[in-house]
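Student: Sharing a structure here in structure tokens format.
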Amino acid sequence: MTAKTHRQVLIKFLLLCAILVGYFGYLSYEYDFATGGVAALLTWSFFVLCTPVADAGFLLDFPLRVLFGIRMVVSEVAVWAVALGINVATLLWGASYYGTTLLTELLHTVLTNPYPYWGIILLSGIGTFLSIRFGDELMDVIHHNDREFFHSHHFKHELVLFVFFLLVLFGYYEFMSLLGVDPALQ
């Protein structure tokens with residue numbers, strides 16, 4: 001990758017970090033420093049655990065892949081481990097933090113009602129790792145010298161994965177409607 005591409009990725013990463021810091025600042029102003037920090041982390045973990053694409057994790061995945069060559073699937077596993085750890089700790093020692101925002105309240109509902117809402121987490125995990133796989137393969141193709149070989153031998157496999165991803169999205173929207181959330185608002 002060129003220096004210009006690295007610089008663009010770094011700028012986008014820093015802008016996303018600025019949004020996260022700004023959100024933390026807003027929550028800290030509305031509540032207090034500790035509550036704002038926990039609520040910001042819970043909101044981030046909502047986007048990791050309860051959306052079927054790698055959005056919150058992508059804040060780290062793509063820059064790490066471009067800048068250091070770390071496969072996005074590896075960094076996404078770490079992102080999921082951190083998100084789960086944050087929620088386990090918060091459920092054990094500070095469940096009241098879930099009452100701060102609409103998203104954290106929704107996350108609490110999902111986490112504390114295994115049936116049927118853990119299906120949202122399962123479908124989100126499947127969708128996230130499928131989208132990460134597409135991203136990793138896209139990065140591989142960009143750097144691969146024999147692109148025609150890759151496309152001719154993997155097209156059918158990728159088509160099946162894409163259809164499966166669409167089915168995951170459909171299931172996700174059905175679960176969200178059970179919660180009374182209009183998924184088009186996300």
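Ordering of the structure tokens sets the chain letters (A, B, ...), residue numbers begin anew at 1 in every chain, and ligands are numbered from 1 in the order given.
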For Tyr172 of chain A, work out the shell of residues within 10 Å, counting only C-alpha atoms and skipping chain neighbours fewer than 5 positions away, then give it as JSON, numbers by chain.
Tutor: {"A": [50, 51, 52, 119, 120, 121, 122, 123, 124, 127, 166, 167, 177, 178, 183]}
Student: Keeping only C-alpha atoms, take the residues you just selected and write them out as a CSV table (one decimal), in the first residue's frame.
Tutor:
```csv
chain,number,residue,atom,x,y,z
A,50,CYS,CA,-25.9,-6.9,18.3
A,51,THR,CA,-25.3,-5.9,14.7
A,52,PRO,CA,-24.7,-8.4,11.9
A,119,GLY,CA,-30.3,-15.4,18.6
A,120,ILE,CA,-29.5,-11.8,17.9
A,121,ILE,CA,-26.0,-12.2,19.2
A,122,LEU,CA,-25.6,-15.5,17.3
A,123,LEU,CA,-26.8,-14.1,14.0
A,124,SER,CA,-24.7,-10.9,14.6
A,127,GLY,CA,-22.9,-12.0,9.9
A,166,LEU,CA,-28.6,-12.4,3.3
A,167,LEU,CA,-30.4,-15.1,5.3
A,177,SER,CA,-38.8,-6.8,15.4
A,178,LEU,CA,-39.5,-9.2,18.3
A,183,PRO,CA,-34.2,-2.3,12.2
```
Student: Set the distance at 9 Å and use only C-alpha atoms: which residues neighbour Phe46 of chain A once local chain neighbours fewer than 6 positions away are removed? I'd like the list as a compact mmCIF listing (two decimals) with C-alpha atoms, in the first residue's frame.
Tutor:
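Done, and the output landed in out-v8.txt:
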```
# COMPACT_ATOMS: atom_id res chain seq x y z
CA ALA A 56 -17.71 -1.41 15.85
CA ALA A 83 -17.05 -6.83 24.21
CA LEU A 103 -29.07 1.19 23.28
CA THR A 104 -27.69 0.06 26.63
CA LEU A 106 -31.78 -2.79 24.66
CA LEU A 107 -28.43 -4.55 25.15
```
Student: I want to know what sits within 10 Å of Asn87 of chain A, based on only C-alpha atoms, with residues of the same chain fewer than 6 positions away left out; could you give that as a ChimeraX atom specification?
Tutor: /A:38,41-42,45-46,93-95,98,107-108,111
Student: Go ahead and write the residues just picked, N, CA and C atoms, as a PDB file, in the first residue's frame.
Tutor:
```
ATOM      1  N   VAL A  38     -18.452   3.886  31.152  1.00  0.00           N
ATOM      2  CA  VAL A  38     -19.079   2.566  31.071  1.00  0.00           C
ATOM      3  C   VAL A  38     -20.171   2.564  30.007  1.00  0.00           C
ATOM      4  N   LEU A  41     -18.607   2.354  26.589  1.00  0.00           N
ATOM      5  CA  LEU A  41     -18.134   0.994  26.329  1.00  0.00           C
ATOM      6  C   LEU A  41     -19.298   0.043  26.041  1.00  0.00           C
ATOM      7  N   LEU A  42     -20.380   0.183  26.797  1.00  0.00           N
ATOM      8  CA  LEU A  42     -21.549  -0.669  26.559  1.00  0.00           C
ATOM      9  C   LEU A  42     -22.175  -0.387  25.197  1.00  0.00           C
ATOM     10  N   SER A  45     -20.052  -2.014  22.712  1.00  0.00           N
ATOM     11  CA  SER A  45     -20.255  -3.466  22.726  1.00  0.00           C
ATOM     12  C   SER A  45     -21.601  -3.847  22.129  1.00  0.00           C
ATOM     13  N   PHE A  46     -22.601  -2.968  22.227  1.00  0.00           N
ATOM     14  CA  PHE A  46     -23.876  -3.219  21.549  1.00  0.00           C
ATOM     15  C   PHE A  46     -23.646  -3.373  20.055  1.00  0.00           C
ATOM     16  N   TRP A  93     -21.084  -6.511  38.247  1.00  0.00           N
ATOM     17  CA  TRP A  93     -20.727  -5.488  39.222  1.00  0.00           C
ATOM     18  C   TRP A  93     -21.376  -4.126  39.011  1.00  0.00           C
ATOM     19  N   GLY A  94     -22.157  -3.944  37.967  1.00  0.00           N
ATOM     20  CA  GLY A  94     -22.749  -2.614  37.763  1.00  0.00           C
ATOM     21  C   GLY A  94     -23.879  -2.624  36.756  1.00  0.00           C
ATOM     22  N   ALA A  95     -24.843  -3.499  36.960  1.00  0.00           N
ATOM     23  CA  ALA A  95     -25.944  -3.629  35.993  1.00  0.00           C
ATOM     24  C   ALA A  95     -26.741  -2.335  35.838  1.00  0.00           C
ATOM     25  N   TYR A  98     -26.612  -0.130  32.596  1.00  0.00           N
ATOM     26  CA  TYR A  98     -27.398  -0.425  31.397  1.00  0.00           C
ATOM     27  C   TYR A  98     -28.599   0.507  31.259  1.00  0.00           C
ATOM     28  N   LEU A 107     -29.483  -3.551  24.958  1.00  0.00           N
ATOM     29  CA  LEU A 107     -28.430  -4.547  25.153  1.00  0.00           C
ATOM     30  C   LEU A 107     -28.705  -5.367  26.406  1.00  0.00           C
ATOM     31  N   HIS A 108     -29.115  -4.730  27.479  1.00  0.00           N
ATOM     32  CA  HIS A 108     -29.429  -5.435  28.718  1.00  0.00           C
ATOM     33  C   HIS A 108     -30.562  -6.432  28.492  1.00  0.00           C
ATOM     34  N   LEU A 111     -29.135  -9.412  26.571  1.00  0.00           N
ATOM     35  CA  LEU A 111     -28.225 -10.236  27.375  1.00  0.00           C
ATOM     36  C   LEU A 111     -28.932 -11.015  28.483  1.00  0.00           C
TER      37      LEU A 111
END
```
Student: Just to confirm, what's the straight-line distance from atom CA of Val74 of chain A to atom CA of Leu60 of chain A in Å (one decimal)?
Tutor: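 Taking atom CA of Val74 of chain A as the start and atom CA of Leu60 of chain A as the end point, the length is 10.9 Å.
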Student: Do you know which residues are at most 9 Å from Ser75 of chain A counting only C-alpha atoms, after dropping those on the same chain fewer than 5 positions away, and could you put them as a list of chain:residue names?
Tutor: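 Once the nearby chain positions are removed, what remains is A:Gly57, A:Leu60, A:Asp61, A:Leu64, A:Arg65, A:Ile70, A:Trp80.
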